[in-house]
Amino acid sequence: MGQATVPAVRAVSLSIRASEFVALQGPSGSGKTTLLNLLGLLDTPDSGAVFLEGRHAESLSENERSDLRRDRFGFVFQTFNLIPVLTAEENVSYPMVLAAVPAEERRGRARELLEAVGLADKVGVRPDLLSGGQRQRVAIARALANRPAVVFADEPTANLDSRTAEGILDLMRTINESSGVAFLFATHDPRVVARARRIVRLHDGAVEADEAA
Amino acid sequence: MSAFALAWRNLVRQRRRSALMIAVVTFGFAAVALAGGFIAQSFDALKEGTIRSVGHLQVVDRRAVGRAEEATLEFAIPNAERARGVVARDPDVAAVLPRIDFVGLATNGTKSVPFLGIGVDPEPEARATLASELVVSGKYLSGDGGDGIVLGTGLAGALHAKVGDRVTLMATTPDGALNALDGIVEGLVDVRIKELNDRYLAGGLGLVSRLLQSPESVSRLVVFLKDDEREDLVAARIAETLQRAGYPVAVQHWRELAVFYGQVRLLYIGIFGFVGAVLVVIVILSAAIVMTMAVTERTREIGTLRALGTRPAGIRRMFLAESAVIAIAGCVAGAVLALVIRAVLNASGIVLPPPPGATHGVPINVKLYPLAYLAGVAAMLATMGIAAWAPASRAARIPIVDALAHV
């Protein structure tokens, strides 16, 4: 049996600007997650280029890519991906530890962010004692820890019940409006699409439509 | 949160596996520490025994170095008492023992047995060496020795000689003539090397000089020092002083003379080195398996940490920190275990089998040898580091998207 190479995304040209709230929408296998990973510097394209604030991503070393993710990006995952041995506060603090933010400032900001996502009373609680919605709120707080330019969210509501999902999306929208952080979602959740200000529809790895909502 | 604090939490998270790994390191460390203490005890005992037998230094005629005499006292030091006085005046010298080496036949009238003889100055010999402590019957020579002789129990047995018996000694003089005279058995000694015990005979310098008809000459001067550390310095000074005084001598160190010491030392190092190597391989394999399992189980977490901005080196550091925490915890537990086992062993009164060439076992006495504990820490840290390096490096290299998609 041979192996066939199937391009996940092709001929995509997409710009994300500051403060945008964008939904990448499409059926399973349309390339949403792949495109999100490429833009978030989690993956590298076989061809083509990703530019970040005018800088060609290909010219960056592995460490520079790590530093850029740390300082300019936030990530929210479908399965929350919190570090199980760290408390809510420590999870939020982790990106700030990487950025060598002083301990006092780290602590203050982590608590501020947890308060902003409604978890002021959960600072010392570990993820296994939090509900799905609470975990995703911690993940959002963590994504905002180093004041990123963009938060990449891959199916952030997929593992949440309807009510919790609505609350999480409203929270993200509020943060977007209040802080100017851009949000880019990979989703096929209509609730996300309903809140997006720009919708990019993907099909078979290509942009089918890119329109304001 | 420091890398070590995070490492500790990850280890606590996998309690059973971490405990197993710490146990492996604990036993590995305890084995290194105890073996080190045992080796140190063995080497120290061997060294002390060797020095108390051959002295720190020996002064011999230059021609005697590396050569065997064809005739008794062929390479003798003449005017031995004067030479002895010159050496004894050195401020670092504790004692100078003149010795005459000779061979001959001992006979009880009906049976003759060859012996390896040694002529000694009895009083200082008894003070500085183990000679008098080896006596199992009668007493060691005293005064100038008179006509007294001391026999190894093996030789005495062959001659059916007991304390008070008269034994005739026959030996060739430096001129090649055969001479004989009687000695009176004053004591029997148990020389702890069987081959020597079967041939050992000691007499006072006076008796031996008369037998060999060679007054004033000795085969060697055995020198004991006040301080081991100054051996090289004193050796050079003694050689120079004696040469200035007209003696064409060489000064030999105890290590050159005690070939046996070097051989036993090499044997022990070989045995314990092999056991140590096996131990290290076991620890490396166990640790590598544990770390590989940890990396596999935490692949998605690694992807998350990388996505959040952790550099590849940070991931590697995280797993190496875990291996270091295991090593440190294992070493602490191992040190406690080693101290407990040491106390139990030393209180047990177990007698070890005789070392090579010896006839008597020695009671076990594992030394507290700090260097062995330090070596244990270094070995365990290095071993765990080596074991964790490959899995940690693999973790650092996993593509982020593959790690995040890992189930």
# chains A, B, ... in the order shown; residues from 1 in each chain; ligands from 1
$ interface_residues --of "chain A" --to "chain B" --cutoff "6 Å" --atoms "only C-alpha atoms" --output "list in words"
Leu42, Asn63, Ser66, Asp67, Arg69 and Arg70 of chain A
$ residues_around --residues "Phe75 in chain B" --least-positions-apart "5" --cutoff "10 Å" --atoms "only C-alpha atoms" --output "PDB file with N, CA and C atoms, in the first residue's frame"
ATOM      1  N   VAL B  60      68.108  -0.143  50.508  1.00  0.00           N
ATOM      2  CA  VAL B  60      68.868  -1.327  50.057  1.00  0.00           C
ATOM      3  C   VAL B  60      70.065  -0.867  49.234  1.00  0.00           C
ATOM      4  N   ASP B  61      70.995  -1.763  49.050  1.00  0.00           N
ATOM      5  CA  ASP B  61      72.103  -1.486  48.145  1.00  0.00           C
ATOM      6  C   ASP B  61      71.528  -1.262  46.745  1.00  0.00           C
ATOM      7  N   ARG B  62      72.093  -0.310  46.037  1.00  0.00           N
ATOM      8  CA  ARG B  62      71.551   0.059  44.732  1.00  0.00           C
ATOM      9  C   ARG B  62      71.496  -1.154  43.784  1.00  0.00           C
ATOM     10  N   ARG B  63      72.440  -2.059  43.930  1.00  0.00           N
ATOM     11  CA  ARG B  63      72.501  -3.216  43.025  1.00  0.00           C
ATOM     12  C   ARG B  63      71.361  -4.204  43.287  1.00  0.00           C
ATOM     13  N   ALA B  64      70.758  -4.086  44.453  1.00  0.00           N
ATOM     14  CA  ALA B  64      69.717  -5.053  44.826  1.00  0.00           C
ATOM     15  C   ALA B  64      68.358  -4.722  44.207  1.00  0.00           C
ATOM     16  N   VAL B  65      68.245  -3.532  43.619  1.00  0.00           N
ATOM     17  CA  VAL B  65      66.939  -3.126  43.084  1.00  0.00           C
ATOM     18  C   VAL B  65      66.619  -3.955  41.836  1.00  0.00           C
ATOM     19  N   ARG B  67      66.831  -7.065  41.404  1.00  0.00           N
ATOM     20  CA  ARG B  67      67.664  -8.259  41.177  1.00  0.00           C
ATOM     21  C   ARG B  67      67.639  -9.155  42.414  1.00  0.00           C
ATOM     22  N   ALA B  68      67.807 -10.460  42.151  1.00  0.00           N
ATOM     23  CA  ALA B  68      67.878 -11.406  43.276  1.00  0.00           C
ATOM     24  C   ALA B  68      69.344 -11.694  43.568  1.00  0.00           C
ATOM     25  N   GLU B  69      69.647 -11.844  44.850  1.00  0.00           N
ATOM     26  CA  GLU B  69      71.023 -12.166  45.223  1.00  0.00           C
ATOM     27  C   GLU B  69      71.347 -13.614  44.830  1.00  0.00           C
ATOM     28  N   GLU B  70      72.571 -13.822  44.362  1.00  0.00           N
ATOM     29  CA  GLU B  70      72.984 -15.207  44.079  1.00  0.00           C
ATOM     30  C   GLU B  70      73.579 -15.833  45.332  1.00  0.00           C
ATOM     31  N   PRO B 174      78.259 -15.634  53.014  1.00  0.00           N
ATOM     32  CA  PRO B 174      78.491 -14.915  51.758  1.00  0.00           C
ATOM     33  C   PRO B 174      79.675 -15.482  50.965  1.00  0.00           C
ATOM     34  N   SER B 217      76.805  -6.361  58.633  1.00  0.00           N
ATOM     35  CA  SER B 217      76.116  -6.194  57.349  1.00  0.00           C
ATOM     36  C   SER B 217      74.654  -6.610  57.486  1.00  0.00           C
ATOM     37  N   VAL B 218      73.808  -5.856  56.804  1.00  0.00           N
ATOM     38  CA  VAL B 218      72.392  -6.239  56.760  1.00  0.00           C
ATOM     39  C   VAL B 218      71.907  -6.178  55.315  1.00  0.00           C
ATOM     40  N   SER B 219      70.784  -6.836  55.068  1.00  0.00           N
ATOM     41  CA  SER B 219      70.232  -6.831  53.700  1.00  0.00           C
ATOM     42  C   SER B 219      69.525  -5.522  53.410  1.00  0.00           C
ATOM     43  N   ARG B 220      68.867  -4.990  54.431  1.00  0.00           N
ATOM     44  CA  ARG B 220      68.052  -3.787  54.210  1.00  0.00           C
ATOM     45  C   ARG B 220      67.811  -3.070  55.526  1.00  0.00           C
TER      46      ARG B 220
END
$ select_by_dssp --residues "range 23-117 of chain A" --states "strand (DSSP E or B)" --output "PyMOL selection string"
chain A and resi 23-25+51-52+55-56+73-76
$ write_last_selection --atoms "N, CA and C atoms" --output "short mmCIF file (atom, residue, chain, number, x, y, z; two decimals), in the first residue's frame"
data_model
loop_
_atom_site.label_atom_id
_atom_site.label_comp_id
_atom_site.auth_asym_id
_atom_site.auth_seq_id
_atom_site.Cartn_x
_atom_site.Cartn_y
_atom_site.Cartn_z
N ALA A 23 -14.40 33.67 12.69
CA ALA A 23 -14.71 32.23 12.76
C ALA A 23 -14.28 31.57 11.46
N LEU A 24 -13.44 30.51 11.60
CA LEU A 24 -13.13 29.68 10.43
C LEU A 24 -14.16 28.56 10.47
N GLN A 25 -15.02 28.54 9.48
CA GLN A 25 -16.11 27.59 9.52
C GLN A 25 -16.00 26.61 8.36
N PHE A 51 2.95 35.37 7.56
CA PHE A 51 3.59 36.61 8.01
C PHE A 51 2.95 37.06 9.31
N LEU A 52 3.79 37.47 10.24
CA LEU A 52 3.29 37.96 11.52
C LEU A 52 3.82 39.36 11.73
N ARG A 55 6.56 40.03 9.57
CA ARG A 55 7.74 39.16 9.62
C ARG A 55 7.43 37.79 9.05
N HIS A 56 8.33 37.32 8.19
CA HIS A 56 8.13 36.01 7.58
C HIS A 56 8.41 34.92 8.64
N PHE A 73 0.65 35.24 21.23
CA PHE A 73 -0.50 34.38 20.98
C PHE A 73 -1.04 33.78 22.26
N GLY A 74 -2.35 33.48 22.19
CA GLY A 74 -2.93 32.66 23.25
C GLY A 74 -3.65 31.50 22.57
N PHE A 75 -3.77 30.40 23.29
CA PHE A 75 -4.43 29.22 22.70
C PHE A 75 -5.50 28.69 23.63
N VAL A 76 -6.64 28.38 23.01
CA VAL A 76 -7.72 27.71 23.76
C VAL A 76 -8.05 26.44 22.97
#
$ select_by_dssp --residues "range 234-267 of chain B" --states "alpha helix (DSSP H)" --output "JSON, numbers by chain"
{"B": [234, 235, 236, 237, 238, 239, 240, 241, 242, 243, 244, 254, 255, 256, 257, 259, 260, 261, 262, 263, 264, 265, 266, 267]}
